[in-house]
Amino acid sequence: MIKETPKLYKDIFNNTVSPMAVFNKKGIIEYANKALGAFSNYQLKEIIGKPVESLVLEEGRPRINAIIQRVFKEKTSFKEFDTFLLTKEKEKIPVSVNILPLKDKNNRLIGGLAVFIDMTQVHFLVESLNRSKEELEDKVRERTKELEEAKTVLEIKVKARTRELEELNKTLEEQVKERTKELQERVNELERFHQLTIGRELRMIELKKEIKKLKNELKRRTTI
């Protein structure tokens with residue numbers, strides 16, 4: 001029995017600050033140190049006789065029982081099982097539990113040792129990191145939304161400006177066509193005027209020749 005060597009356990013537990021409990025093969029606590037009492041707010045006499053599983057959150061109890069059976073079967077330690085320790089006031093404290101097999105002087109398995117490590121600070125840091133991560137993700141989502149909205153606004157402005165330029169280009173093309181038409185009409189008018197002017201000059205030359213011819217004929221008749 002574990003109780004056959006009480007002095008050994010008292011020397012171990014009374015000189016450590018880590019919360020510890022010694023349990024038998026049935027998983028019943030037979031000894032607990034003062035650190036565990038202070039950690040859980042239980043008096044030691046209230047802890048003695050309780051199953052180890054009663055110290056942790058209900059949802060973690062099947063796992064811790066399975067670990068104890070594995071430690072007893074394989075006679076090896078199991079380290080760092082994360083769960084929550086329940087205080088007397090039902091406050092949840094995040095802990096990492098190590099389960100070690102205990103043997104007598106003849107190397108026979110007589111029970112186990114549960115060591116509880118307070119993970120409150122680690123848990124706090126993890127929660128802080130998670131909050132920071134969530135806040136960062138929120139900021140990223142918010143910034144992404146802003147960029148998407150800015151992109152949408154920019155696309156609308158680009159489309160509007162493109163439409164304006166297309167309309168302006170169309171207007172310019174129409175103006176160019178209209179101006180070209182006006183210039184062509186002007187050119188045609190100048191060509192007609194030029195042709196009319198040339199025809200008039202040619203007619204004047206012909207008339208001068210006819211007048212000269214008539215004058216000569218009149219002079220000839222006068223002298224006869």
# chains A, B, ... in the order shown; residues from 1 in each chain; ligands from 1
>>> closest_atom_pairs(of="segment 36-84 of chain A", to="segment 117-124 of chain A", cutoff="10 Å", atoms="only C-alpha atoms", output="Markdown table")
| residue | atom | partner | partner_atom | distance |
| --- | --- | --- | --- | --- |
| A:Phe39 | CA | A:Asp118 | CA | 8.8 |
| A:Glu80 | CA | A:Ile117 | CA | 8.7 |
| A:Asp82 | CA | A:Met119 | CA | 8.7 |
| A:Thr83 | CA | A:Met119 | CA | 9.5 |
| A:Phe84 | CA | A:Met119 | CA | 9.2 |
>>> write_last_selection(atoms="N, CA and C atoms", output="PDB file, in the first residue's frame")
ATOM      1  N   PHE A  39      -3.842  25.813  -3.997  1.00  0.00           N
ATOM      2  CA  PHE A  39      -4.158  26.037  -5.417  1.00  0.00           C
ATOM      3  C   PHE A  39      -5.647  25.822  -5.682  1.00  0.00           C
ATOM      4  N   GLU A  80       2.152  16.594 -19.689  1.00  0.00           N
ATOM      5  CA  GLU A  80       1.508  17.766 -20.298  1.00  0.00           C
ATOM      6  C   GLU A  80       0.164  17.458 -20.948  1.00  0.00           C
ATOM      7  N   ASP A  82      -3.309  19.024 -21.066  1.00  0.00           N
ATOM      8  CA  ASP A  82      -3.898  20.331 -20.761  1.00  0.00           C
ATOM      9  C   ASP A  82      -5.387  20.208 -20.469  1.00  0.00           C
ATOM     10  N   THR A  83      -5.795  20.787 -19.359  1.00  0.00           N
ATOM     11  CA  THR A  83      -7.207  20.779 -18.968  1.00  0.00           C
ATOM     12  C   THR A  83      -7.437  21.942 -18.010  1.00  0.00           C
ATOM     13  N   PHE A  84      -8.551  21.909 -17.278  1.00  0.00           N
ATOM     14  CA  PHE A  84      -8.847  22.950 -16.292  1.00  0.00           C
ATOM     15  C   PHE A  84      -9.064  22.313 -14.928  1.00  0.00           C
TER      16      PHE A  84
END
>>> residues_around(residues="Ser54 of chain A", least_positions_apart="5", cutoff="10 Å", atoms="only C-alpha atoms", output="MDAnalysis selection string")
chainID A and resid 28:29 47 60:61 85:86
>>> closest_atom_pairs(of="segment 76-194 of chain A", to="segment 16-23 of chain A", cutoff="8 Å", atoms="only C-alpha atoms", output="CSV")
residue,atom,partner,partner_atom,distance
A:Gly111,CA,A:Phe23,CA,5.6
A:Gly112,CA,A:Phe23,CA,5.4
A:Leu113,CA,A:Val22,CA,4.7
A:Ala114,CA,A:Ala21,CA,5.2
A:Val115,CA,A:Met20,CA,4.6
A:Phe116,CA,A:Pro19,CA,5.3
A:Ile117,CA,A:Ser18,CA,6.7
>>> select_by_dssp(residues="segment 4-224 of chain A", states="helix (DSSP H, G or I)", output="PyMOL selection string")
chain A and resi 4+6-13+34-40+44-47+52-55+58-74+120-222
>>> write_last_selection(atoms="C-alpha atoms", output="tab-separated table (two decimals), in the first residue's frame")
chain	number	residue	atom	x	y	z
A	4	GLU	CA	3.32	2.05	4.03
A	6	PRO	CA	4.24	8.01	4.35
A	7	LYS	CA	7.50	9.67	5.37
A	8	LEU	CA	8.88	9.43	1.84
A	9	TYR	CA	5.90	11.22	0.37
A	10	LYS	CA	5.77	13.80	3.13
A	11	ASP	CA	9.38	14.72	2.49
A	12	ILE	CA	8.73	15.06	-1.22
A	13	PHE	CA	5.48	16.97	-1.13
A	34	LYS	CA	-0.21	21.94	0.79
A	35	ALA	CA	0.42	23.55	-2.60
A	36	LEU	CA	-2.51	21.62	-4.09
A	37	GLY	CA	-4.73	22.67	-1.17
A	38	ALA	CA	-3.81	26.31	-1.62
A	39	PHE	CA	-4.16	26.04	-5.42
A	40	SER	CA	-7.63	24.45	-5.28
A	44	LEU	CA	-6.27	18.65	2.46
A	45	LYS	CA	-8.76	16.45	4.29
A	46	GLU	CA	-11.35	17.40	1.65
A	47	ILE	CA	-9.06	16.25	-1.15
A	52	VAL	CA	-8.14	12.42	-9.32
A	53	GLU	CA	-10.67	13.13	-12.04
A	54	SER	CA	-12.83	15.12	-9.57
A	55	LEU	CA	-10.18	17.86	-9.52
A	58	GLU	CA	-15.96	17.35	-16.22
A	59	GLU	CA	-15.24	17.21	-19.94
A	60	GLY	CA	-11.58	16.36	-19.22
A	61	ARG	CA	-12.30	13.50	-16.81
A	62	PRO	CA	-12.57	10.64	-19.35
A	63	ARG	CA	-9.23	11.69	-20.80
A	64	ILE	CA	-7.42	11.86	-17.46
A	65	ASN	CA	-8.81	8.43	-16.48
A	66	ALA	CA	-7.61	6.99	-19.77
A	67	ILE	CA	-4.17	8.51	-19.18
A	68	ILE	CA	-3.97	7.03	-15.67
A	69	GLN	CA	-4.83	3.57	-17.01
A	70	ARG	CA	-2.23	3.97	-19.74
A	71	VAL	CA	0.43	4.99	-17.18
A	72	PHE	CA	-0.44	1.96	-15.02
A	73	LYS	CA	-0.38	-0.37	-18.02
A	74	GLU	CA	2.81	0.89	-19.64
A	120	THR	CA	-2.83	30.80	-16.16
A	121	GLN	CA	-0.11	33.11	-17.48
A	122	VAL	CA	0.41	30.98	-20.57
A	123	HIS	CA	-3.35	30.81	-21.09
A	124	PHE	CA	-3.56	34.59	-20.68
A	125	LEU	CA	-0.77	35.09	-23.21
A	126	VAL	CA	-2.43	32.72	-25.66
A	127	GLU	CA	-5.75	34.53	-25.26
A	128	SER	CA	-3.97	37.85	-25.69
A	129	LEU	CA	-2.31	36.57	-28.85
A	130	ASN	CA	-5.64	35.25	-30.11
A	131	ARG	CA	-7.28	38.60	-29.37
A	132	SER	CA	-4.44	40.40	-31.11
A	133	LYS	CA	-4.79	38.02	-34.04
A	134	GLU	CA	-8.54	38.60	-34.19
A	135	GLU	CA	-8.06	42.36	-33.95
A	136	LEU	CA	-5.46	42.22	-36.70
A	137	GLU	CA	-7.76	40.07	-38.84
A	138	ASP	CA	-10.58	42.55	-38.21
A	139	LYS	CA	-8.30	45.42	-39.27
A	140	VAL	CA	-7.19	43.47	-42.34
A	141	ARG	CA	-10.83	42.75	-43.24
A	142	GLU	CA	-11.75	46.39	-42.63
A	143	ARG	CA	-8.81	47.63	-44.70
A	144	THR	CA	-9.60	45.10	-47.41
A	145	LYS	CA	-13.20	46.32	-47.44
A	146	GLU	CA	-11.98	49.92	-47.69
A	147	LEU	CA	-9.65	49.01	-50.55
A	148	GLU	CA	-12.43	47.13	-52.33
A	149	GLU	CA	-14.75	50.11	-51.90
A	150	ALA	CA	-12.00	52.44	-53.12
A	151	LYS	CA	-11.40	50.11	-56.06
A	152	THR	CA	-15.12	50.12	-56.88
A	153	VAL	CA	-15.24	53.93	-56.69
A	154	LEU	CA	-12.13	54.18	-58.86
A	155	GLU	CA	-13.59	51.77	-61.41
A	156	ILE	CA	-16.77	53.86	-61.53
A	157	LYS	CA	-14.73	57.04	-62.01
A	158	VAL	CA	-12.60	55.39	-64.71
A	159	LYS	CA	-15.71	54.17	-66.52
A	160	ALA	CA	-17.29	57.63	-66.27
A	161	ARG	CA	-14.09	59.31	-67.48
A	162	THR	CA	-13.75	56.78	-70.29
A	163	ARG	CA	-17.33	57.46	-71.33
A	164	GLU	CA	-16.64	61.21	-71.24
A	165	LEU	CA	-13.53	60.77	-73.39
A	166	GLU	CA	-15.43	58.56	-75.83
A	167	GLU	CA	-18.19	61.15	-76.09
A	168	LEU	CA	-15.59	63.91	-76.46
A	169	ASN	CA	-13.78	61.91	-79.13
A	170	LYS	CA	-17.06	61.32	-80.90
A	171	THR	CA	-17.87	65.03	-80.71
A	172	LEU	CA	-14.41	65.94	-82.02
A	173	GLU	CA	-14.79	63.49	-84.89
A	174	GLU	CA	-18.14	65.02	-85.77
A	175	GLN	CA	-16.64	68.51	-85.54
A	176	VAL	CA	-13.72	67.45	-87.75
A	177	LYS	CA	-16.11	65.95	-90.27
A	178	GLU	CA	-18.27	69.08	-90.20
A	179	ARG	CA	-15.25	71.34	-90.54
A	180	THR	CA	-13.85	69.20	-93.35
A	181	LYS	CA	-17.20	69.41	-95.13
A	182	GLU	CA	-17.21	73.21	-94.73
A	183	LEU	CA	-13.64	73.48	-96.04
A	184	GLN	CA	-14.45	71.24	-99.00
A	185	GLU	CA	-17.46	73.39	-99.86
A	186	ARG	CA	-15.26	76.45	-99.63
A	187	VAL	CA	-12.67	74.86	-101.89
A	188	ASN	CA	-15.39	73.92	-104.35
A	189	GLU	CA	-16.71	77.49	-104.24
A	190	LEU	CA	-13.23	78.89	-104.88
A	191	GLU	CA	-12.74	76.52	-107.78
A	192	ARG	CA	-16.03	77.61	-109.30
A	193	PHE	CA	-15.09	81.24	-108.80
A	194	HIS	CA	-11.69	80.60	-110.36
A	195	GLN	CA	-13.22	78.91	-113.35
A	196	LEU	CA	-15.76	81.73	-113.68
A	197	THR	CA	-13.01	84.34	-113.53
A	198	ILE	CA	-10.92	82.59	-116.17
A	199	GLY	CA	-13.95	82.27	-118.45
A	200	ARG	CA	-14.69	85.97	-118.05
A	201	GLU	CA	-11.11	86.94	-118.93
A	202	LEU	CA	-11.18	84.73	-121.98
A	203	ARG	CA	-14.48	86.31	-123.06
A	204	MET	CA	-12.99	89.81	-122.58
A	205	ILE	CA	-10.05	88.89	-124.81
A	206	GLU	CA	-12.39	87.59	-127.51
A	207	LEU	CA	-14.51	90.76	-127.28
A	208	LYS	CA	-11.41	92.95	-127.61
A	209	LYS	CA	-10.38	91.02	-130.70
A	210	GLU	CA	-13.84	91.42	-132.22
A	211	ILE	CA	-13.86	95.20	-131.43
A	212	LYS	CA	-10.44	95.60	-133.00
A	213	LYS	CA	-11.55	93.65	-136.03
A	214	LEU	CA	-14.67	95.82	-136.39
A	215	LYS	CA	-12.59	99.00	-136.07
A	216	ASN	CA	-10.24	97.84	-138.82
A	217	GLU	CA	-13.16	96.93	-141.04
A	218	LEU	CA	-14.81	100.31	-140.44
A	219	LYS	CA	-11.58	102.15	-141.20
A	220	ARG	CA	-11.08	100.24	-144.40
A	221	ARG	CA	-14.55	101.10	-145.62
A	222	THR	CA	-14.12	104.72	-144.70
>>> atom_distance(atom1="atom CA of Tyr42 of chain A", atom2="atom CA of Glu89 of chain A")
9.1 Å
